[in-house]
>>> print(open('run11.cif').read())   # mmCIF, C-alpha atoms
data_model
#
loop_
_atom_site.group_PDB
_atom_site.id
_atom_site.type_symbol
_atom_site.label_atom_id
_atom_site.label_comp_id
_atom_site.auth_asym_id
_atom_site.auth_seq_id
_atom_site.Cartn_x
_atom_site.Cartn_y
_atom_site.Cartn_z
ATOM 1 C CA MET A 1 -14.884 19.879 4.249
ATOM 2 C CA ASN A 2 -11.596 20.415 6.029
ATOM 3 C CA SER A 3 -9.157 17.701 7.146
ATOM 4 C CA GLY A 4 -10.253 17.958 10.800
ATOM 5 C CA ARG A 5 -13.864 17.130 9.941
ATOM 6 C CA ILE A 6 -12.725 14.272 7.723
ATOM 7 C CA LYS A 7 -10.729 12.739 10.600
ATOM 8 C CA VAL A 8 -13.647 13.092 13.016
ATOM 9 C CA GLY A 9 -16.018 11.489 10.530
ATOM 10 C CA PHE A 10 -13.626 8.641 9.877
ATOM 11 C CA PHE A 11 -13.217 7.822 13.566
ATOM 12 C CA ILE A 12 -17.010 8.013 14.030
ATOM 13 C CA LEU A 13 -17.264 5.370 11.284
ATOM 14 C CA ILE A 14 -14.771 3.149 13.110
ATOM 15 C CA ALA A 15 -16.571 3.629 16.443
ATOM 16 C CA SER A 16 -19.900 2.742 14.820
ATOM 17 C CA LEU A 17 -18.481 -0.438 13.346
ATOM 18 C CA MET A 18 -17.033 -1.387 16.739
ATOM 19 C CA ALA A 19 -20.411 -0.863 18.389
ATOM 20 C CA ALA A 20 -22.073 -2.991 15.723
ATOM 21 C CA VAL A 21 -19.574 -5.764 16.338
ATOM 22 C CA ASN A 22 -20.328 -5.774 20.078
ATOM 23 C CA LEU A 23 -24.045 -6.170 19.338
ATOM 24 C CA GLN A 24 -23.459 -8.964 16.844
ATOM 25 C CA SER A 25 -21.474 -11.394 18.990
ATOM 26 C CA GLN A 26 -21.010 -12.573 22.541
ATOM 27 C CA ASP A 27 -17.879 -14.532 21.541
ATOM 28 C CA THR A 28 -14.718 -13.245 23.188
ATOM 29 C CA ILE A 29 -12.139 -16.002 22.702
ATOM 30 C CA PRO A 30 -11.462 -17.734 19.367
ATOM 31 C CA ASP A 31 -11.448 -21.512 19.798
ATOM 32 C CA SER A 32 -9.938 -24.101 17.503
ATOM 33 C CA GLY A 33 -13.242 -24.793 15.798
ATOM 34 C CA LYS A 34 -14.387 -21.208 15.292
ATOM 35 C CA VAL A 35 -11.322 -19.277 14.224
ATOM 36 C CA SER A 36 -12.192 -16.464 11.822
ATOM 37 C CA ASN A 37 -10.578 -15.768 8.459
ATOM 38 C CA ILE A 38 -9.121 -12.496 9.717
ATOM 39 C CA PHE A 39 -7.276 -14.437 12.424
ATOM 40 C CA THR A 40 -6.270 -17.398 10.238
ATOM 41 C CA PHE A 41 -5.622 -15.893 6.791
ATOM 42 C CA THR A 42 -3.087 -13.188 7.553
ATOM 43 C CA PRO A 43 -1.003 -12.033 4.558
ATOM 44 C CA SER A 44 1.583 -14.620 5.658
ATOM 45 C CA LYS A 45 -0.770 -17.565 5.055
ATOM 46 C CA LEU A 46 -1.355 -19.256 1.721
ATOM 47 C CA LEU A 47 -4.567 -20.602 0.212
ATOM 48 C CA LYS A 48 -5.291 -24.294 -0.047
ATOM 49 C CA LYS A 49 -5.497 -25.879 -3.477
ATOM 50 C CA GLY A 50 -8.657 -24.709 -5.248
ATOM 51 C CA GLN A 51 -9.263 -21.706 -2.982
ATOM 52 C CA PHE A 52 -9.695 -18.168 -4.366
ATOM 53 C CA GLU A 53 -8.890 -14.867 -2.686
ATOM 54 C CA MET A 54 -10.051 -11.541 -4.150
ATOM 55 C CA GLN A 55 -9.417 -8.130 -2.647
ATOM 56 C CA LEU A 56 -10.035 -4.513 -3.526
ATOM 57 C CA PHE A 57 -7.916 -2.212 -1.380
ATOM 58 C CA ASN A 58 -8.824 1.469 -1.658
ATOM 59 C CA ASN A 59 -6.228 4.040 -0.568
ATOM 60 C CA LEU A 60 -6.942 7.778 -0.467
ATOM 61 C CA TYR A 61 -3.904 9.995 0.186
ATOM 62 C CA THR A 62 -4.336 13.750 0.600
ATOM 63 C CA GLN A 63 -1.911 16.545 1.514
ATOM 64 C CA THR A 64 -1.695 20.317 1.824
ATOM 65 C CA ALA A 65 2.017 20.275 2.725
ATOM 66 C CA TYR A 66 5.206 18.333 2.101
ATOM 67 C CA HIS A 67 8.625 17.875 3.715
ATOM 68 C CA ASP A 68 11.780 19.071 1.942
ATOM 69 C CA GLU A 69 15.219 17.428 1.991
ATOM 70 C CA ASN A 70 15.796 18.860 5.481
ATOM 71 C CA ARG A 71 12.452 17.439 6.699
ATOM 72 C CA GLU A 72 11.041 20.927 7.125
ATOM 73 C CA ASN A 73 7.305 21.354 6.576
ATOM 74 C CA ILE A 74 6.430 23.353 3.433
ATOM 75 C CA GLU A 75 2.835 24.503 3.048
ATOM 76 C CA LEU A 76 1.164 24.167 -0.364
ATOM 77 C CA ASP A 77 -1.446 26.456 -1.889
ATOM 78 C CA THR A 78 -3.360 23.407 -3.156
ATOM 79 C CA ARG A 79 -4.793 20.165 -1.799
ATOM 80 C CA ASP A 80 -3.254 17.255 -3.714
ATOM 81 C CA THR A 81 -5.265 14.032 -3.513
ATOM 82 C CA TYR A 82 -4.352 10.643 -4.944
ATOM 83 C CA TYR A 83 -6.599 7.593 -5.042
ATOM 84 C CA SER A 84 -5.206 4.090 -5.566
ATOM 85 C CA GLY A 85 -7.432 1.085 -6.078
ATOM 86 C CA LEU A 86 -5.535 -2.213 -6.054
ATOM 87 C CA PHE A 87 -7.529 -5.257 -7.142
ATOM 88 C CA TYR A 88 -5.859 -8.621 -6.852
ATOM 89 C CA LEU A 89 -6.788 -12.248 -7.259
ATOM 90 C CA LEU A 90 -4.940 -15.274 -5.834
ATOM 91 C CA TYR A 91 -5.573 -18.964 -6.489
ATOM 92 C CA GLY A 92 -4.216 -21.982 -4.613
ATOM 93 C CA VAL A 93 -2.479 -24.397 -6.974
ATOM 94 C CA SER A 94 -0.423 -26.580 -4.631
ATOM 95 C CA LYS A 95 -1.638 -29.657 -2.721
ATOM 96 C CA SER A 96 0.797 -28.710 0.034
ATOM 97 C CA SER A 97 -0.691 -25.152 0.201
ATOM 98 C CA ARG A 98 2.734 -23.691 -0.528
ATOM 99 C CA VAL A 99 2.137 -21.971 -3.905
ATOM 100 C CA ASN A 100 -0.491 -19.425 -5.005
ATOM 101 C CA ILE A 101 -0.682 -17.581 -8.329
ATOM 102 C CA GLY A 102 -2.684 -14.553 -9.420
ATOM 103 C CA PHE A 103 -2.605 -11.048 -10.844
ATOM 104 C CA ASP A 104 -2.868 -7.370 -9.844
ATOM 105 C CA LEU A 105 -4.762 -4.503 -11.470
ATOM 106 C CA ASN A 106 -4.227 -0.863 -10.450
ATOM 107 C CA LEU A 107 -6.651 2.029 -10.829
ATOM 108 C CA LYS A 108 -5.323 5.531 -10.098
ATOM 109 C CA SER A 109 -6.897 8.970 -9.850
ATOM 110 C CA VAL A 110 -5.512 12.403 -8.987
ATOM 111 C CA LEU A 111 -7.158 15.716 -8.061
ATOM 112 C CA ILE A 112 -5.473 19.085 -7.550
ATOM 113 C CA ASP A 113 -7.879 21.356 -5.671
ATOM 114 C CA SER A 114 -7.963 24.313 -3.275
ATOM 115 C CA THR A 115 -6.660 23.697 0.235
ATOM 116 C CA LYS A 116 -10.217 23.800 1.609
ATOM 117 C CA GLY A 117 -11.542 21.408 -1.027
ATOM 118 C CA SER A 118 -12.808 17.947 -0.123
ATOM 119 C CA PRO A 119 -10.421 15.110 -1.027
ATOM 120 C CA PHE A 120 -13.449 12.904 -1.712
ATOM 121 C CA LYS A 121 -14.080 14.873 -4.898
ATOM 122 C CA VAL A 122 -11.418 12.641 -6.433
ATOM 123 C CA PHE A 123 -14.125 9.961 -6.643
ATOM 124 C CA GLN A 124 -15.844 11.964 -9.363
ATOM 125 C CA PHE A 125 -13.180 10.383 -11.617
ATOM 126 C CA LYS A 126 -13.086 13.302 -14.046
ATOM 127 C CA ASN A 127 -10.445 14.109 -16.645
ATOM 128 C CA THR A 128 -9.757 17.846 -16.478
ATOM 129 C CA PRO A 129 -6.610 20.013 -16.350
ATOM 130 C CA TYR A 130 -6.717 19.424 -12.556
ATOM 131 C CA SER A 131 -7.712 15.743 -12.399
ATOM 132 C CA ARG A 132 -7.216 12.461 -14.194
ATOM 133 C CA THR A 133 -8.203 8.787 -13.841
ATOM 134 C CA ALA A 134 -6.930 5.628 -15.552
ATOM 135 C CA LEU A 135 -6.148 1.950 -15.201
ATOM 136 C CA THR A 136 -2.407 2.354 -14.844
ATOM 137 C CA SER A 137 -0.780 -1.067 -14.529
ATOM 138 C CA VAL A 138 -1.378 -4.803 -14.502
ATOM 139 C CA GLY A 139 0.768 -7.830 -13.892
ATOM 140 C CA PRO A 140 1.120 -11.406 -12.637
ATOM 141 C CA LYS A 141 2.014 -12.415 -9.103
ATOM 142 C CA VAL A 142 3.132 -15.521 -7.251
ATOM 143 C CA LYS A 143 3.079 -16.251 -3.534
ATOM 144 C CA PHE A 144 4.925 -19.141 -1.935
ATOM 145 C CA GLN A 145 6.027 -20.634 1.355
ATOM 146 C CA PRO A 146 9.812 -21.144 1.094
ATOM 147 C CA LEU A 147 10.243 -23.198 4.298
ATOM 148 C CA ASN A 148 8.203 -26.363 4.610
ATOM 149 C CA ASN A 149 7.911 -26.276 8.398
ATOM 150 C CA VAL A 150 7.380 -22.492 8.799
ATOM 151 C CA SER A 151 3.824 -21.774 7.632
ATOM 152 C CA ASN A 152 3.771 -18.225 9.022
ATOM 153 C CA PHE A 153 6.547 -17.007 6.693
ATOM 154 C CA SER A 154 5.877 -16.404 3.000
ATOM 155 C CA ILE A 155 7.102 -14.404 0.014
ATOM 156 C CA GLN A 156 4.998 -12.680 -2.617
ATOM 157 C CA SER A 157 6.354 -11.318 -5.892
ATOM 158 C CA ALA A 158 4.486 -9.279 -8.520
ATOM 159 C CA PHE A 159 5.604 -7.595 -11.737
ATOM 160 C CA TRP A 160 3.533 -4.705 -13.094
ATOM 161 C CA PHE A 161 3.494 -3.306 -16.632
ATOM 162 C CA PRO A 162 2.258 0.264 -17.278
ATOM 163 C CA ILE A 163 -0.783 0.171 -19.558
ATOM 164 C CA ALA A 164 -2.019 3.785 -19.585
ATOM 165 C CA LYS A 165 -0.570 6.582 -21.682
ATOM 166 C CA ASP A 166 1.911 9.111 -20.309
ATOM 167 C CA LEU A 167 1.219 8.530 -16.608
ATOM 168 C CA GLU A 168 3.762 11.148 -15.537
ATOM 169 C CA SER A 169 2.210 13.736 -17.902
ATOM 170 C CA ILE A 170 5.428 14.739 -19.637
ATOM 171 C CA GLU A 171 4.387 14.482 -23.287
ATOM 172 C CA ASP A 172 0.918 14.382 -24.862
ATOM 173 C CA LEU A 173 -0.835 14.753 -21.487
ATOM 174 C CA SER A 174 1.456 17.416 -20.056
ATOM 175 C CA ASP A 175 -1.535 19.618 -19.243
ATOM 176 C CA TYR A 176 -2.781 17.008 -16.759
ATOM 177 C CA PRO A 177 -1.346 16.429 -13.263
ATOM 178 C CA TRP A 178 1.120 13.643 -12.466
ATOM 179 C CA MET A 179 -0.814 10.469 -11.643
ATOM 180 C CA ASP A 180 1.548 7.493 -11.317
ATOM 181 C CA TYR A 181 5.021 6.199 -12.155
ATOM 182 C CA HIS A 182 5.308 5.270 -15.831
ATOM 183 C CA MET A 183 7.714 2.482 -14.944
ATOM 184 C CA TYR A 184 8.052 -1.283 -14.723
ATOM 185 C CA THR A 185 7.505 -2.337 -11.112
ATOM 186 C CA TRP A 186 8.828 -5.464 -9.411
ATOM 187 C CA TRP A 187 7.334 -5.753 -5.926
ATOM 188 C CA ASN A 188 8.700 -8.398 -3.544
ATOM 189 C CA GLN A 189 7.050 -8.781 -0.124
ATOM 190 C CA PHE A 190 8.287 -10.867 2.804
ATOM 191 C CA PHE A 191 5.553 -11.717 5.335
ATOM 192 C CA TYR A 192 5.811 -13.092 8.873
ATOM 193 C CA ASP A 193 3.297 -13.234 11.710
ATOM 194 C CA LYS A 194 3.243 -14.519 15.277
ATOM 195 C CA ASN A 195 0.275 -15.292 17.537
ATOM 196 C CA PHE A 196 0.339 -14.587 21.269
ATOM 197 C CA GLY A 197 -2.510 -16.625 22.638
ATOM 198 C CA THR A 198 -5.903 -16.049 21.053
ATOM 199 C CA LYS A 199 -6.145 -12.279 21.405
ATOM 200 C CA TRP A 200 -2.872 -10.825 20.151
ATOM 201 C CA GLN A 201 -1.047 -11.107 16.865
ATOM 202 C CA ILE A 202 1.996 -9.360 15.410
ATOM 203 C CA PHE A 203 2.436 -9.158 11.656
ATOM 204 C CA THR A 204 5.625 -7.882 10.015
ATOM 205 C CA GLU A 205 6.434 -7.121 6.399
ATOM 206 C CA ALA A 206 9.637 -6.146 4.587
ATOM 207 C CA ASP A 207 9.543 -5.215 0.899
ATOM 208 C CA LEU A 208 11.923 -4.779 -2.000
ATOM 209 C CA LEU A 209 10.056 -2.530 -4.431
ATOM 210 C CA PHE A 210 12.000 -1.935 -7.635
ATOM 211 C CA ARG A 211 10.852 0.589 -10.232
ATOM 212 C CA PHE A 212 12.719 0.435 -13.552
ATOM 213 C CA LYS A 213 12.811 3.407 -15.869
ATOM 214 C CA ALA A 214 10.742 3.074 -19.011
ATOM 215 C CA LYS A 215 9.933 5.265 -21.985
ATOM 216 C CA ASN A 216 7.813 8.308 -21.040
ATOM 217 C CA SER A 217 9.262 8.427 -17.519
ATOM 218 C CA ASN A 218 11.335 11.192 -15.949
ATOM 219 C CA THR A 219 11.856 9.215 -12.727
ATOM 220 C CA PRO A 220 15.212 7.453 -12.220
ATOM 221 C CA THR A 221 15.316 3.726 -11.543
ATOM 222 C CA HIS A 222 15.083 3.255 -7.783
ATOM 223 C CA LEU A 223 14.470 0.854 -4.915
ATOM 224 C CA ASP A 224 12.020 1.373 -2.046
ATOM 225 C CA VAL A 225 12.442 -0.742 1.109
ATOM 226 C CA PRO A 226 9.252 -0.408 3.194
ATOM 227 C CA ILE A 227 9.327 -2.066 6.615
ATOM 228 C CA SER A 228 5.983 -2.450 8.408
ATOM 229 C CA VAL A 229 4.753 -3.698 11.783
ATOM 230 C CA PHE A 230 1.104 -4.388 12.696
ATOM 231 C CA VAL A 231 -0.026 -5.207 16.242
ATOM 232 C CA SER A 232 -3.536 -6.686 16.288
ATOM 233 C CA TRP A 233 -5.919 -7.243 19.199
ATOM 234 C CA PHE A 234 -8.834 -9.706 18.875
ATOM 235 C CA PRO A 235 -11.528 -8.970 21.478
ATOM 236 C CA LEU A 236 -13.951 -11.090 19.379
ATOM 237 C CA THR A 237 -13.447 -13.934 16.941
ATOM 238 C CA LYS A 238 -14.678 -11.845 14.012
ATOM 239 C CA PHE A 239 -13.218 -8.466 14.919
ATOM 240 C CA THR A 240 -9.738 -7.019 15.332
ATOM 241 C CA ALA A 241 -8.304 -3.574 15.971
ATOM 242 C CA TYR A 242 -4.707 -2.871 15.054
ATOM 243 C CA TYR A 243 -1.920 -0.344 15.296
ATOM 244 C CA MET A 244 0.553 -0.007 12.423
ATOM 245 C CA ILE A 245 3.784 1.819 11.676
ATOM 246 C CA GLN A 246 5.856 1.840 8.492
ATOM 247 C CA TYR A 247 9.184 3.313 7.434
ATOM 248 C CA SER A 248 10.193 3.386 3.764
ATOM 249 C CA PRO A 249 13.559 4.648 2.454
ATOM 250 C CA ARG A 250 14.278 5.109 -1.260
ATOM 251 C CA PHE A 251 17.623 4.481 -2.958
ATOM 252 C CA GLN A 252 18.425 5.597 -6.497
ATOM 253 C CA LEU A 253 19.881 2.859 -8.702
ATOM 254 C CA GLU A 254 20.313 4.724 -11.982
ATOM 255 C CA LYS A 255 23.681 5.922 -13.227
ATOM 256 C CA THR A 256 24.548 9.580 -12.740
ATOM 257 C CA GLU A 257 26.968 11.645 -14.786
ATOM 258 C CA SER A 258 29.902 13.600 -13.345
ATOM 259 C CA TYR A 259 33.293 14.930 -14.426
ATOM 260 C CA ASN A 260 36.496 13.782 -12.763
ATOM 261 C CA SER A 261 39.515 15.962 -11.956
ATOM 262 C CA GLU A 262 40.811 15.485 -15.507
ATOM 263 C CA GLY A 263 37.600 16.746 -17.065
ATOM 264 C CA GLU A 264 36.474 13.324 -18.224
ATOM 265 C CA LEU A 265 32.836 12.294 -18.014
ATOM 266 C CA GLU A 266 32.196 9.412 -15.598
ATOM 267 C CA TYR A 267 29.097 7.375 -14.834
ATOM 268 C CA THR A 268 28.561 6.255 -11.251
ATOM 269 C CA VAL A 269 25.897 4.551 -9.199
ATOM 270 C CA ASP A 270 25.658 4.993 -5.444
ATOM 271 C CA PRO A 271 23.015 2.442 -4.322
ATOM 272 C CA PHE A 272 23.338 3.608 -0.701
ATOM 273 C CA ASP A 273 22.451 7.230 -1.437
ATOM 274 C CA LEU A 274 19.179 7.927 0.383
ATOM 275 C CA ILE A 275 17.234 10.244 -1.916
ATOM 276 C CA SER A 276 13.958 10.245 0.038
ATOM 277 C CA ASP A 277 11.996 8.449 2.734
ATOM 278 C CA TYR A 278 8.795 8.598 4.738
ATOM 279 C CA ALA A 279 7.268 7.188 7.909
ATOM 280 C CA HIS A 280 3.589 6.935 8.788
ATOM 281 C CA THR A 281 1.514 5.387 11.534
ATOM 282 C CA GLY A 282 -2.134 4.813 12.267
ATOM 283 C CA LEU A 283 -5.041 2.677 13.465
ATOM 284 C CA GLY A 284 -7.365 0.249 11.753
ATOM 285 C CA ILE A 285 -10.067 -2.374 12.224
ATOM 286 C CA LYS A 286 -11.121 -5.563 10.451
ATOM 287 C CA TYR A 287 -14.482 -7.293 10.683
ATOM 288 C CA GLN A 288 -15.609 -10.627 9.232
ATOM 289 C CA ILE A 289 -19.125 -10.046 7.926
ATOM 290 C CA SER A 290 -19.617 -13.608 6.708
ATOM 291 C CA LYS A 291 -17.642 -16.801 6.226
ATOM 292 C CA THR A 292 -16.219 -15.426 2.974
ATOM 293 C CA LEU A 293 -16.387 -11.617 3.269
ATOM 294 C CA ASN A 294 -14.114 -9.361 5.367
ATOM 295 C CA LEU A 295 -13.986 -5.556 5.611
ATOM 296 C CA GLU A 296 -11.075 -3.372 6.732
ATOM 297 C CA ALA A 297 -10.878 0.363 7.483
ATOM 298 C CA SER A 298 -7.831 2.356 8.591
ATOM 299 C CA TYR A 299 -6.357 5.843 8.922
ATOM 300 C CA THR A 300 -2.670 6.829 8.895
ATOM 301 C CA TYR A 301 -0.704 10.068 8.928
ATOM 302 C CA PHE A 302 2.825 10.804 7.719
ATOM 303 C CA PHE A 303 4.757 12.201 10.670
ATOM 304 C CA THR A 304 8.117 12.582 8.914
ATOM 305 C CA SER A 305 9.650 12.374 5.473
ATOM 306 C CA LYS A 306 12.559 13.556 3.352
ATOM 307 C CA ASN A 307 11.523 14.927 -0.039
ATOM 308 C CA GLY A 308 8.097 13.436 0.619
ATOM 309 C CA GLY A 309 4.533 14.123 1.561
ATOM 310 C CA ALA A 310 3.117 15.316 4.873
ATOM 311 C CA GLY A 311 -0.432 14.095 4.427
ATOM 312 C CA SER A 312 -2.834 11.396 5.588
ATOM 313 C CA THR A 313 -4.400 8.241 4.174
ATOM 314 C CA TYR A 314 -7.935 6.859 4.453
ATOM 315 C CA ASN A 315 -8.185 3.199 3.526
ATOM 316 C CA LEU A 316 -10.956 0.680 2.922
ATOM 317 C CA GLY A 317 -10.375 -2.967 2.024
ATOM 318 C CA ILE A 318 -12.880 -5.558 0.792
ATOM 319 C CA ARG A 319 -11.662 -9.163 0.896
ATOM 320 C CA ILE A 320 -13.354 -12.364 -0.271
ATOM 321 C CA ILE A 321 -12.001 -15.881 0.348
ATOM 322 C CA LEU A 322 -13.788 -18.779 -1.379
#
>>> encode(input="run11.cif", output="structure tokens")
Amino acid sequence: MNSGRIKVGFFILIASLMAAVNLQSQDTIPDSGKVSNIFTFTPSKLLKKGQFEMQLFNNLYTQTAYHDENRENIELDTRDTYYSGLFYLLYGVSKSSRVNIGFDLNLKSVLIDSTKGSPFKVFQFKNTPYSRTALTSVGPKVKFQPLNNVSNFSIQSAFWFPIAKDLESIEDLSDYPWMDYHMYTWWNQFFYDKNFGTKWQIFTEADLLFRFKAKNSNTPTHLDVPISVFVSWFPLTKFTAYYMIQYSPRFQLEKTESYNSEGELEYTVDPFDLISDYAHTGLGIKYQISKTLNLEASYTYFFTSKNGGAGSTYNLGIRIIL
């Protein structure tokens, strides 16, 4: 199955879901008594005390090319596919609905195949010289509303610990492909959304994603700063279609060695040295199946990058709010 057929099939899935939504409801304008979870519980909003939120977000990234440091497209002789499954749980602990706590669990899988191979073969979850699967990291998270009178602005912070062995395949598992960063990760997300009537909503996110070098890692300590914008349209109370765009630069924070004019070894850090970046854009939909269950599907493609991929993502999210 080539990438063109995959894209066509994915958009057929989205179109089918949209048609199903139109048959399910005659509602066109959310009113104050029938606002759906997908309209109310954006990532900016916090849970009330005693509420649970669980989500499994599935991300499938596949590429047959990458962009070099000059942003030129370089074709590969393989199809590289990476699956990421992020499961998280949040729980409301504050009477004022300003603090949530929870944890994250990450499942990763990689498949190196021929360029004409199907990326969905990664879901075979095999361990071979060309593929590998493992639970890679876990960690606690906290989400809070810093300003009492601004409920549509929140901050979420998670810290992940690597739990699998040799994720970058540099020692005992060097015969397997690279699967994930074998690093400590501190992910800080800043959420803000704004409603425009009952049919339009803009959601923005800015992140500070630190990865700290750990044993069994060849990757320098660095900081990613993803900035994302989502524009959502609500033709029905239980359905939304959205457009998204994200830009993410990376800055190296680790010391580098160099010799000065006198031949002496010096250690320097240039936190403003852009070592790589990427930008991708795409479309998605969300549908509230029941009072507690929401589904999300989206597709994005990477239209530019420096020392980064030139592939596409296929995403499916399952969200439960109790």
>>> residues_around(input="run11.cif", residues="region 292-309 of chain A", least_positions_apart="3", cutoff="8 Å", atoms="only C-alpha atoms", output="PyMOL selection string")
chain A and resi 10+14+37-38+63+65-71+275-289+312-322
>>> resolve_selection(input="run11.cif", expression="the PyMOL selection byres ((chain A and resi 185) around 6)", output="JSON, numbers by chain")
{"A": [159, 160, 184, 186, 210, 211]}
>>> write_last_selection(input="run11.cif", atoms="C-alpha atoms", output="mmCIF file, keeping the file's coordinate frame")
data_model
loop_
_atom_site.group_PDB
_atom_site.id
_atom_site.type_symbol
_atom_site.label_atom_id
_atom_site.label_comp_id
_atom_site.auth_asym_id
_atom_site.auth_seq_id
_atom_site.Cartn_x
_atom_site.Cartn_y
_atom_site.Cartn_z
ATOM 1 C CA PHE A 159 5.604 -7.595 -11.737
ATOM 2 C CA TRP A 160 3.533 -4.705 -13.094
ATOM 3 C CA TYR A 184 8.052 -1.283 -14.723
ATOM 4 C CA TRP A 186 8.828 -5.464 -9.411
ATOM 5 C CA PHE A 210 12.000 -1.935 -7.635
ATOM 6 C CA ARG A 211 10.852 0.589 -10.232
#
>>> atom_distance(input="run11.cif", atom1="CA of Asp224 (chain A)", atom2="CA of Ile74 (chain A)")
23.3 Å
>>> resolve_selection(input="run11.cif", expression="the PyMOL selection byres ((chain A and resi 113) around 12)", output="list in words")
Thr62, Gln63, Thr64, Leu76, Asp77, Thr78, Arg79, Asp80, Thr81, Tyr82, Val110, Leu111, Ile112, Ser114, Thr115, Lys116, Gly117, Ser118, Pro119, Phe120, Lys121, Val122, Thr128, Pro129, Tyr130, Ser131 and Pro177 of chain A
>>> resolve_selection(input="run11.cif", expression="the PyMOL selection byres ((chain A and resi 152-157) around 6)", output="compact mmCIF listing (two decimals) with C-alpha atoms, in the coordinates of the input")
# COMPACT_ATOMS: atom_id res chain seq x y z
CA SER A 44 1.58 -14.62 5.66
CA LYS A 141 2.01 -12.42 -9.10
CA VAL A 142 3.13 -15.52 -7.25
CA LYS A 143 3.08 -16.25 -3.53
CA PHE A 144 4.92 -19.14 -1.94
CA GLN A 145 6.03 -20.63 1.36
CA VAL A 150 7.38 -22.49 8.80
CA SER A 151 3.82 -21.77 7.63
CA ALA A 158 4.49 -9.28 -8.52
CA TRP A 187 7.33 -5.75 -5.93
CA ASN A 188 8.70 -8.40 -3.54
CA GLN A 189 7.05 -8.78 -0.12
CA PHE A 190 8.29 -10.87 2.80
CA PHE A 191 5.55 -11.72 5.34
CA TYR A 192 5.81 -13.09 8.87
CA ASP A 193 3.30 -13.23 11.71
>>> atom_distance(input="run11.cif", atom1="CA of Glu205 (chain A)", atom2="CA of Val229 (chain A)")
6.6 Å
